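Remarks on the structure that follows.
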Amino acid sequence: MKIPQHIAIIMDGNGRWAKKRGFQRQSGHARGAYVADNVAHMCSDHGIKYLTLYAFSTENWKRPQTEINFLFNLTLSYLKSRLPEMKKEGVRFRFLGRINDLPPKLREFCDFIETETFDCEKLTVIIALNYGGRAEIVDAVNKIIEKNDGRVDEKSFKDFLYLPDVPYPDLIIRTSGEERLSNFLIWQGAYSELYFADKLWPDFTHEDFELALKSFDKRQRKYGAVI
Ligand code: IPE
Ligand code: IPE
Ligand code: MG
C-alpha cells in the first residue's frame with residue numbers, strides 16, 4: 001500500500017458532536033483532543049513522517065472568548081500532560097501559524113515543547129495554531145519585501161513559508177461532511193489529494209483512518225502530466 005509521507009487534517013465537527021448529545025461545545029473539543037492523540041499513534045504505526053493538525057484558524061478568533069480560552073487551555077494542558085510519553089515515542093512537535101499573537105503562556109509553551117522534542121525523529125506532529133493560509137502567504141510576501149533581494153520563483157517562495165523544510169501534504173482529510181479548505185495550507189495543498197469523511201471529528205476511529213489511507217492508495221497523482 002502507498003503510504004503518504006505527510007497527512008494534514010481539518011479536525012471539524014466538535015461542536016456538532018457535543019450539540020447532538022446536549023453537551024457544551026467544549027466537551028466536543030476535549031474529546032477531539034483525545035482523537036487527535038490516537039490519530040498521531042496511527043500515523044506513527046504506519047510510518048507516516050508528518051501529521052499536521054488544524055487546531056485554530058486565524059478566523060476562529062470570531063468565536064466567543066470563552067470558547068477561544070477553552071481551546072487554548074486545552075491545547076496547553078493536553079500537550080503538557082502528553083509530552084513525556086510522546087517524547088519517549090519519538091514525536092517531535094512543531095507549530096504552524098502566527099504563534100507570536102497567541103497568549104504569552106501558550107506561546108512560551110510552544111517554544112518549550114519545540115525545543116524539548118527537537119531531536120525526536122519517528123513522527124513530526126505539526127499543530128496549526130492561529131494559522132491561516134492567506135496570512136502565511138502575506139507574511140511570506142512581507143518577508144520577501146523586507147529582504148529586498150530581488151524576485152522569487154515558486155521554489156524560492158517556499159523558503160519564506162512558516163516551515164519551509166516540511167514537505168507538502170500528500171493527503172488532506174476533513175471530517176464532518178464539510179467539503180472546503182477553510183484557509184488551510186492553500187499554498188502547500190495545491191496538489192494534495194483531498195479526502196472528506198462524514199464522521200464528526202470526535203467520532204473518527206481507526207477504521208475511518210484506514211479508509212482514508214485506502215482511498216489515498218487508489219489515487220493516481222499526475223501533477224498535470226499525462227500518465
Ligand atoms: C473544529 O470543530 C474545531 C475547531 C475549529 C477548533 P468545530 O468547533 O468547528 O465544530 P463544528 O463545526 O461547530 O461542529
Ligand atoms: C476549520 O474549521 C478550522 C479548524 C478545524 C481549526 P471551521 O469550523 O473553523 O471552518 P468553517 O468555519 O466551517 O469554514
Ligand atoms: Mg467547524
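In the C-alpha cells, chains take letters A, B, ... by order of appearance, with residues numbered from 1 within each chain and ligands from 1 in the order shown.
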Rows by chain and residue number, chain A within 6 Å of ligand 2, shortest pair, only C-alpha atoms and all ligand atoms, as a Markdown table:
| residue | atom | partner | partner_atom_place_in_ligand_line | distance |
| --- | --- | --- | --- | --- |
| A:Ile10 | CA | ligand 2 | 5 (C) | 4.6 |
| A:Met11 | CA | ligand 2 | 5 (C) | 4.6 |
| A:Asp12 | CA | ligand 2 | 5 (C) | 4.8 |
| A:Tyr54 | CA | ligand 2 | 6 (C) | 4.5 |
| A:Ala55 | CA | ligand 2 | 6 (C) | 4.1 |
| A:Phe56 | CA | ligand 2 | 6 (C) | 3.9 |
| A:Ser57 | CA | ligand 2 | 6 (C) | 5.0 |
| A:Asn60 | CA | ligand 2 | 9 (O) | 5.6 |
| A:Ser182 | CA | ligand 2 | 14 (O) | 4.5 |
- Name the residues in contact with Tyr195 (chain A) at a cut-off of 10 Å, using only C-alpha atoms, excluding same-chain residues fewer than 3 positions from it; report them as an MDAnalysis selection string. chainID A and resid 9 171:175 179 192 211:213 215:216
Would you mind exporting the chosen residues as an mmCIF file, in the first residue's frame, restricted to all heavy atoms?
data_model
loop_
_atom_site.group_PDB
_atom_site.id
_atom_site.type_symbol
_atom_site.label_atom_id
_atom_site.label_comp_id
_atom_site.auth_asym_id
_atom_site.auth_seq_id
_atom_site.Cartn_x
_atom_site.Cartn_y
_atom_site.Cartn_z
ATOM 1 N N ILE A 9 -4.816 17.293 8.611
ATOM 2 C CA ILE A 9 -6.224 17.043 8.955
ATOM 3 C C ILE A 9 -6.932 18.313 9.429
ATOM 4 O O ILE A 9 -6.448 19.019 10.311
ATOM 5 C CB ILE A 9 -6.355 15.951 10.042
ATOM 6 C CG1 ILE A 9 -5.619 14.673 9.631
ATOM 7 C CG2 ILE A 9 -7.838 15.643 10.306
ATOM 8 C CD1 ILE A 9 -5.751 13.515 10.609
ATOM 9 N N LEU A 171 -1.849 14.126 1.545
ATOM 10 C CA LEU A 171 -3.272 13.859 1.755
ATOM 11 C C LEU A 171 -3.825 14.855 2.777
ATOM 12 O O LEU A 171 -3.240 15.030 3.851
ATOM 13 C CB LEU A 171 -3.432 12.424 2.277
ATOM 14 C CG LEU A 171 -4.819 11.967 2.713
ATOM 15 C CD1 LEU A 171 -5.785 11.933 1.528
ATOM 16 C CD2 LEU A 171 -4.746 10.573 3.358
ATOM 17 N N ILE A 172 -4.928 15.514 2.417
ATOM 18 C CA ILE A 172 -5.626 16.383 3.374
ATOM 19 C C ILE A 172 -6.991 15.758 3.661
ATOM 20 O O ILE A 172 -7.774 15.485 2.743
ATOM 21 C CB ILE A 172 -5.805 17.821 2.831
ATOM 22 C CG1 ILE A 172 -4.437 18.496 2.625
ATOM 23 C CG2 ILE A 172 -6.660 18.660 3.801
ATOM 24 C CD1 ILE A 172 -4.502 19.919 2.056
ATOM 25 N N ILE A 173 -7.230 15.500 4.942
ATOM 26 C CA ILE A 173 -8.501 14.895 5.368
ATOM 27 C C ILE A 173 -9.330 15.973 6.063
ATOM 28 O O ILE A 173 -8.798 16.747 6.856
ATOM 29 C CB ILE A 173 -8.235 13.743 6.379
ATOM 30 C CG1 ILE A 173 -7.411 12.617 5.739
ATOM 31 C CG2 ILE A 173 -9.548 13.202 6.954
ATOM 32 C CD1 ILE A 173 -6.966 11.529 6.724
ATOM 33 N N ARG A 174 -10.616 16.036 5.739
ATOM 34 C CA ARG A 174 -11.518 16.885 6.535
ATOM 35 C C ARG A 174 -12.698 16.044 7.002
ATOM 36 O O ARG A 174 -13.308 15.324 6.206
ATOM 37 C CB ARG A 174 -12.038 18.082 5.735
ATOM 38 C CG ARG A 174 -12.934 18.976 6.623
ATOM 39 C CD ARG A 174 -13.367 20.271 5.973
ATOM 40 N NE ARG A 174 -14.029 21.127 6.967
ATOM 41 C CZ ARG A 174 -13.947 22.455 6.996
ATOM 42 N NH1 ARG A 174 -13.234 23.079 6.100
ATOM 43 N NH2 ARG A 174 -14.575 23.150 7.922
ATOM 44 N N THR A 175 -13.016 16.141 8.257
ATOM 45 C CA THR A 175 -14.160 15.406 8.802
ATOM 46 C C THR A 175 -15.384 16.304 8.838
ATOM 47 O O THR A 175 -15.317 17.483 8.506
ATOM 48 C CB THR A 175 -13.845 14.902 10.229
ATOM 49 O OG1 THR A 175 -13.500 16.022 11.042
ATOM 50 C CG2 THR A 175 -12.721 13.891 10.226
ATOM 51 N N GLU A 179 -17.011 20.209 2.858
ATOM 52 C CA GLU A 179 -16.023 19.970 1.803
ATOM 53 C C GLU A 179 -15.405 21.284 1.368
ATOM 54 O O GLU A 179 -15.707 21.822 0.312
ATOM 55 C CB GLU A 179 -16.672 19.201 0.647
ATOM 56 C CG GLU A 179 -17.223 17.858 1.120
ATOM 57 C CD GLU A 179 -17.715 16.950 0.011
ATOM 58 O OE1 GLU A 179 -17.810 17.416 -1.138
ATOM 59 O OE2 GLU A 179 -18.009 15.775 0.313
ATOM 60 N N SER A 192 -2.345 18.357 -3.211
ATOM 61 C CA SER A 192 -2.655 17.310 -2.233
ATOM 62 C C SER A 192 -3.899 16.555 -2.686
ATOM 63 O O SER A 192 -4.796 17.135 -3.306
ATOM 64 C CB SER A 192 -2.940 17.930 -0.865
ATOM 65 O OG SER A 192 -1.840 18.684 -0.433
ATOM 66 N N LEU A 211 -9.734 3.795 6.144
ATOM 67 C CA LEU A 211 -10.491 4.064 4.904
ATOM 68 C C LEU A 211 -9.855 5.215 4.120
ATOM 69 O O LEU A 211 -9.758 5.158 2.888
ATOM 70 C CB LEU A 211 -11.948 4.418 5.224
ATOM 71 C CG LEU A 211 -12.879 3.268 5.606
ATOM 72 C CD1 LEU A 211 -14.259 3.830 5.983
ATOM 73 C CD2 LEU A 211 -13.024 2.267 4.447
ATOM 74 N N ALA A 212 -9.405 6.230 4.839
ATOM 75 C CA ALA A 212 -8.752 7.374 4.173
ATOM 76 C C ALA A 212 -7.450 6.907 3.510
ATOM 77 O O ALA A 212 -7.151 7.290 2.369
ATOM 78 C CB ALA A 212 -8.473 8.473 5.189
ATOM 79 N N LEU A 213 -6.707 6.062 4.209
ATOM 80 C CA LEU A 213 -5.454 5.557 3.631
ATOM 81 C C LEU A 213 -5.720 4.701 2.398
ATOM 82 O O LEU A 213 -4.988 4.772 1.406
ATOM 83 C CB LEU A 213 -4.679 4.725 4.661
ATOM 84 C CG LEU A 213 -3.993 5.479 5.796
ATOM 85 C CD1 LEU A 213 -3.176 4.510 6.639
ATOM 86 C CD2 LEU A 213 -3.081 6.587 5.268
ATOM 87 N N SER A 215 -8.247 4.950 0.384
ATOM 88 C CA SER A 215 -8.643 5.846 -0.700
ATOM 89 C C SER A 215 -7.404 6.489 -1.319
ATOM 90 O O SER A 215 -7.265 6.560 -2.543
ATOM 91 C CB SER A 215 -9.604 6.902 -0.153
ATOM 92 O OG SER A 215 -9.823 7.890 -1.104
ATOM 93 N N PHE A 216 -6.472 6.907 -0.473
ATOM 94 C CA PHE A 216 -5.233 7.519 -0.973
ATOM 95 C C PHE A 216 -4.459 6.532 -1.848
ATOM 96 O O PHE A 216 -3.901 6.893 -2.892
ATOM 97 C CB PHE A 216 -4.364 7.980 0.201
ATOM 98 C CG PHE A 216 -3.052 8.575 -0.230
ATOM 99 C CD1 PHE A 216 -2.985 9.884 -0.699
ATOM 100 C CD2 PHE A 216 -1.877 7.815 -0.209
ATOM 101 C CE1 PHE A 216 -1.777 10.430 -1.127
ATOM 102 C CE2 PHE A 216 -0.672 8.357 -0.632
ATOM 103 C CZ PHE A 216 -0.627 9.664 -1.087
#
If we count only C-alpha atoms, what is near Leu51 (chain A) at a cut-off of 12 Å, once residues fewer than 5 positions away on the same chain are taken out, given as a PDB file with N, CA, C and O atoms, in the first residue's frame?
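Output contents, as saved in selection.pdb:
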ATOM      1  N   PRO A   4       1.148   7.819   2.556  1.00  0.00           N
ATOM      2  CA  PRO A   4       1.549   9.232   2.438  1.00  0.00           C
ATOM      3  C   PRO A   4       2.675   9.559   3.407  1.00  0.00           C
ATOM      4  O   PRO A   4       2.736   9.005   4.505  1.00  0.00           O
ATOM      5  N   GLN A   5       3.534  10.466   2.992  1.00  0.00           N
ATOM      6  CA  GLN A   5       4.611  10.894   3.881  1.00  0.00           C
ATOM      7  C   GLN A   5       4.077  11.947   4.865  1.00  0.00           C
ATOM      8  O   GLN A   5       4.502  12.026   6.000  1.00  0.00           O
ATOM      9  N   HIS A   6       3.114  12.730   4.385  1.00  0.00           N
ATOM     10  CA  HIS A   6       2.569  13.823   5.198  1.00  0.00           C
ATOM     11  C   HIS A   6       1.050  13.856   5.068  1.00  0.00           C
ATOM     12  O   HIS A   6       0.524  14.002   3.971  1.00  0.00           O
ATOM     13  N   ILE A   7       0.371  13.720   6.199  1.00  0.00           N
ATOM     14  CA  ILE A   7      -1.095  13.842   6.242  1.00  0.00           C
ATOM     15  C   ILE A   7      -1.453  15.112   7.010  1.00  0.00           C
ATOM     16  O   ILE A   7      -0.862  15.389   8.064  1.00  0.00           O
ATOM     17  N   ALA A   8      -2.389  15.878   6.491  1.00  0.00           N
ATOM     18  CA  ALA A   8      -2.859  17.071   7.199  1.00  0.00           C
ATOM     19  C   ALA A   8      -4.362  16.917   7.429  1.00  0.00           C
ATOM     20  O   ALA A   8      -5.078  16.430   6.545  1.00  0.00           O
ATOM     21  N   ILE A   9      -4.816  17.293   8.611  1.00  0.00           N
ATOM     22  CA  ILE A   9      -6.224  17.043   8.955  1.00  0.00           C
ATOM     23  C   ILE A   9      -6.932  18.313   9.429  1.00  0.00           C
ATOM     24  O   ILE A   9      -6.448  19.019  10.311  1.00  0.00           O
ATOM     25  N   ILE A  10      -8.095  18.563   8.828  1.00  0.00           N
ATOM     26  CA  ILE A  10      -9.002  19.617   9.307  1.00  0.00           C
ATOM     27  C   ILE A  10      -9.985  18.907  10.235  1.00  0.00           C
ATOM     28  O   ILE A  10     -10.913  18.218   9.792  1.00  0.00           O
ATOM     29  N   ALA A  36      -7.263  13.213  18.335  1.00  0.00           N
ATOM     30  CA  ALA A  36      -6.039  13.672  17.658  1.00  0.00           C
ATOM     31  C   ALA A  36      -4.835  12.863  18.163  1.00  0.00           C
ATOM     32  O   ALA A  36      -3.970  12.457  17.377  1.00  0.00           O
ATOM     33  N   ASP A  37      -4.811  12.635  19.446  1.00  0.00           N
ATOM     34  CA  ASP A  37      -3.751  11.859  20.066  1.00  0.00           C
ATOM     35  C   ASP A  37      -3.722  10.432  19.477  1.00  0.00           C
ATOM     36  O   ASP A  37      -2.671   9.898  19.091  1.00  0.00           O
ATOM     37  N   ASN A  38      -4.905   9.822  19.394  1.00  0.00           N
ATOM     38  CA  ASN A  38      -4.994   8.473  18.817  1.00  0.00           C
ATOM     39  C   ASN A  38      -4.521   8.452  17.373  1.00  0.00           C
ATOM     40  O   ASN A  38      -3.816   7.524  16.951  1.00  0.00           O
ATOM     41  N   VAL A  39      -4.905   9.462  16.615  1.00  0.00           N
ATOM     42  CA  VAL A  39      -4.537   9.501  15.196  1.00  0.00           C
ATOM     43  C   VAL A  39      -3.014   9.662  15.054  1.00  0.00           C
ATOM     44  O   VAL A  39      -2.402   9.089  14.148  1.00  0.00           O
ATOM     45  N   ALA A  40      -2.401  10.399  15.976  1.00  0.00           N
ATOM     46  CA  ALA A  40      -0.937  10.533  15.936  1.00  0.00           C
ATOM     47  C   ALA A  40      -0.291   9.143  16.092  1.00  0.00           C
ATOM     48  O   ALA A  40       0.667   8.814  15.393  1.00  0.00           O
ATOM     49  N   HIS A  41      -0.848   8.326  16.986  1.00  0.00           N
ATOM     50  CA  HIS A  41      -0.328   6.960  17.139  1.00  0.00           C
ATOM     51  C   HIS A  41      -0.493   6.144  15.860  1.00  0.00           C
ATOM     52  O   HIS A  41       0.386   5.386  15.471  1.00  0.00           O
ATOM     53  N   MET A  42      -1.654   6.305  15.232  1.00  0.00           N
ATOM     54  CA  MET A  42      -1.915   5.556  13.985  1.00  0.00           C
ATOM     55  C   MET A  42      -0.892   5.958  12.921  1.00  0.00           C
ATOM     56  O   MET A  42      -0.394   5.109  12.184  1.00  0.00           O
ATOM     57  N   CYS A  43      -0.600   7.237  12.840  1.00  0.00           N
ATOM     58  CA  CYS A  43       0.384   7.712  11.861  1.00  0.00           C
ATOM     59  C   CYS A  43       1.741   7.093  12.161  1.00  0.00           C
ATOM     60  O   CYS A  43       2.439   6.605  11.260  1.00  0.00           O
ATOM     61  N   SER A  44       2.106   7.111  13.413  1.00  0.00           N
ATOM     62  CA  SER A  44       3.386   6.558  13.833  1.00  0.00           C
ATOM     63  C   SER A  44       3.475   5.066  13.457  1.00  0.00           C
ATOM     64  O   SER A  44       4.472   4.601  12.908  1.00  0.00           O
ATOM     65  N   HIS A  46       2.039   3.547  11.098  1.00  0.00           N
ATOM     66  CA  HIS A  46       2.120   3.353   9.641  1.00  0.00           C
ATOM     67  C   HIS A  46       3.418   3.902   9.044  1.00  0.00           C
ATOM     68  O   HIS A  46       3.603   3.842   7.837  1.00  0.00           O
ATOM     69  N   VAL A  91       8.168  11.547  19.144  1.00  0.00           N
ATOM     70  CA  VAL A  91       7.341  12.538  18.456  1.00  0.00           C
ATOM     71  C   VAL A  91       7.951  13.927  18.619  1.00  0.00           C
ATOM     72  O   VAL A  91       8.169  14.405  19.727  1.00  0.00           O
ATOM     73  N   ARG A  92       8.206  14.555  17.494  1.00  0.00           N
ATOM     74  CA  ARG A  92       8.679  15.934  17.502  1.00  0.00           C
ATOM     75  C   ARG A  92       7.478  16.862  17.279  1.00  0.00           C
ATOM     76  O   ARG A  92       6.663  16.611  16.391  1.00  0.00           O
ATOM     77  N   PHE A  93       7.347  17.886  18.093  1.00  0.00           N
ATOM     78  CA  PHE A  93       6.252  18.849  17.931  1.00  0.00           C
ATOM     79  C   PHE A  93       6.758  20.122  17.274  1.00  0.00           C
ATOM     80  O   PHE A  93       7.826  20.638  17.633  1.00  0.00           O
ATOM     81  N   ARG A  94       5.960  20.607  16.334  1.00  0.00           N
ATOM     82  CA  ARG A  94       6.249  21.917  15.741  1.00  0.00           C
ATOM     83  C   ARG A  94       4.934  22.673  15.620  1.00  0.00           C
ATOM     84  O   ARG A  94       3.855  22.062  15.644  1.00  0.00           O
ATOM     85  N   PHE A  95       5.013  23.969  15.487  1.00  0.00           N
ATOM     86  CA  PHE A  95       3.808  24.795  15.420  1.00  0.00           C
ATOM     87  C   PHE A  95       3.825  25.618  14.145  1.00  0.00           C
ATOM     88  O   PHE A  95       4.889  26.017  13.666  1.00  0.00           O
ATOM     89  N   LEU A  96       2.628  25.820  13.625  1.00  0.00           N
ATOM     90  CA  LEU A  96       2.466  26.481  12.339  1.00  0.00           C
ATOM     91  C   LEU A  96       1.436  27.584  12.500  1.00  0.00           C
ATOM     92  O   LEU A  96       0.311  27.322  12.931  1.00  0.00           O
ATOM     93  N   LYS A 122      10.795   9.985  14.979  1.00  0.00           N
ATOM     94  CA  LYS A 122       9.871   8.997  14.414  1.00  0.00           C
ATOM     95  C   LYS A 122       8.741   9.685  13.629  1.00  0.00           C
ATOM     96  O   LYS A 122       8.441   9.314  12.502  1.00  0.00           O
ATOM     97  N   LEU A 123       8.113  10.651  14.260  1.00  0.00           N
ATOM     98  CA  LEU A 123       6.976  11.356  13.647  1.00  0.00           C
ATOM     99  C   LEU A 123       7.032  12.828  14.044  1.00  0.00           C
ATOM    100  O   LEU A 123       7.325  13.139  15.196  1.00  0.00           O
ATOM    101  N   THR A 124       6.755  13.716  13.093  1.00  0.00           N
ATOM    102  CA  THR A 124       6.636  15.142  13.433  1.00  0.00           C
ATOM    103  C   THR A 124       5.163  15.514  13.433  1.00  0.00           C
ATOM    104  O   THR A 124       4.468  15.320  12.430  1.00  0.00           O
ATOM    105  N   VAL A 125       4.684  15.976  14.582  1.00  0.00           N
ATOM    106  CA  VAL A 125       3.308  16.453  14.675  1.00  0.00           C
ATOM    107  C   VAL A 125       3.336  17.979  14.633  1.00  0.00           C
ATOM    108  O   VAL A 125       3.974  18.618  15.470  1.00  0.00           O
ATOM    109  N   ILE A 126       2.683  18.530  13.617  1.00  0.00           N
ATOM    110  CA  ILE A 126       2.660  19.983  13.439  1.00  0.00           C
ATOM    111  C   ILE A 126       1.274  20.485  13.834  1.00  0.00           C
ATOM    112  O   ILE A 126       0.265  20.028  13.280  1.00  0.00           O
ATOM    113  N   ILE A 127       1.243  21.375  14.791  1.00  0.00           N
ATOM    114  CA  ILE A 127      -0.048  21.892  15.240  1.00  0.00           C
ATOM    115  C   ILE A 127      -0.248  23.286  14.646  1.00  0.00           C
ATOM    116  O   ILE A 127       0.535  24.199  14.903  1.00  0.00           O
ATOM    117  N   ALA A 128      -1.285  23.386  13.801  1.00  0.00           N
ATOM    118  CA  ALA A 128      -1.596  24.671  13.172  1.00  0.00           C
ATOM    119  C   ALA A 128      -2.453  25.473  14.141  1.00  0.00           C
ATOM    120  O   ALA A 128      -3.604  25.141  14.404  1.00  0.00           O
ATOM    121  N   VAL A 166       9.408  21.443   5.615  1.00  0.00           N
ATOM    122  CA  VAL A 166       8.408  20.365   5.687  1.00  0.00           C
ATOM    123  C   VAL A 166       7.837  20.094   4.292  1.00  0.00           C
ATOM    124  O   VAL A 166       7.416  21.025   3.603  1.00  0.00           O
ATOM    125  N   PRO A 167       7.835  18.823   3.874  1.00  0.00           N
ATOM    126  CA  PRO A 167       7.276  18.521   2.541  1.00  0.00           C
ATOM    127  C   PRO A 167       5.780  18.838   2.491  1.00  0.00           C
ATOM    128  O   PRO A 167       5.100  18.783   3.517  1.00  0.00           O
ATOM    129  N   TYR A 168       5.272  19.144   1.319  1.00  0.00           N
ATOM    130  CA  TYR A 168       3.852  19.456   1.168  1.00  0.00           C
ATOM    131  C   TYR A 168       3.004  18.233   1.528  1.00  0.00           C
ATOM    132  O   TYR A 168       3.436  17.099   1.337  1.00  0.00           O
ATOM    133  N   PRO A 169       1.793  18.445   2.043  1.00  0.00           N
ATOM    134  CA  PRO A 169       0.959  17.289   2.415  1.00  0.00           C
ATOM    135  C   PRO A 169       0.546  16.468   1.197  1.00  0.00           C
ATOM    136  O   PRO A 169       0.184  17.030   0.159  1.00  0.00           O
ATOM    137  N   ASP A 170       0.622  15.154   1.340  1.00  0.00           N
ATOM    138  CA  ASP A 170       0.169  14.266   0.264  1.00  0.00           C
ATOM    139  C   ASP A 170      -1.340  14.116   0.323  1.00  0.00           C
ATOM    140  O   ASP A 170      -1.998  13.962  -0.688  1.00  0.00           O
ATOM    141  N   LEU A 171      -1.849  14.126   1.545  1.00  0.00           N
ATOM    142  CA  LEU A 171      -3.272  13.859   1.755  1.00  0.00           C
ATOM    143  C   LEU A 171      -3.825  14.855   2.777  1.00  0.00           C
ATOM    144  O   LEU A 171      -3.240  15.030   3.851  1.00  0.00           O
ATOM    145  N   ILE A 172      -4.928  15.514   2.417  1.00  0.00           N
ATOM    146  CA  ILE A 172      -5.626  16.383   3.374  1.00  0.00           C
ATOM    147  C   ILE A 172      -6.991  15.758   3.661  1.00  0.00           C
ATOM    148  O   ILE A 172      -7.774  15.485   2.743  1.00  0.00           O
ATOM    149  N   ILE A 173      -7.230  15.500   4.942  1.00  0.00           N
ATOM    150  CA  ILE A 173      -8.501  14.895   5.368  1.00  0.00           C
ATOM    151  C   ILE A 173      -9.330  15.973   6.063  1.00  0.00           C
ATOM    152  O   ILE A 173      -8.798  16.747   6.856  1.00  0.00           O
TER     153      ILE A 173
END
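With a cut-off of 8 Å and using only C-alpha atoms and all ligand atoms, the polymer residues contacting ligand 3 are Asp12, Gly13, Asn14, Gly15 and Ser176 of chain A.
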- Query: Nearest to ligand 1: which of A:Asp159, A:Glu85, A:Asp198, A:Glu136 is it, counting only C-alpha atoms and all ligand atoms?
  - Reply: A:Asp198
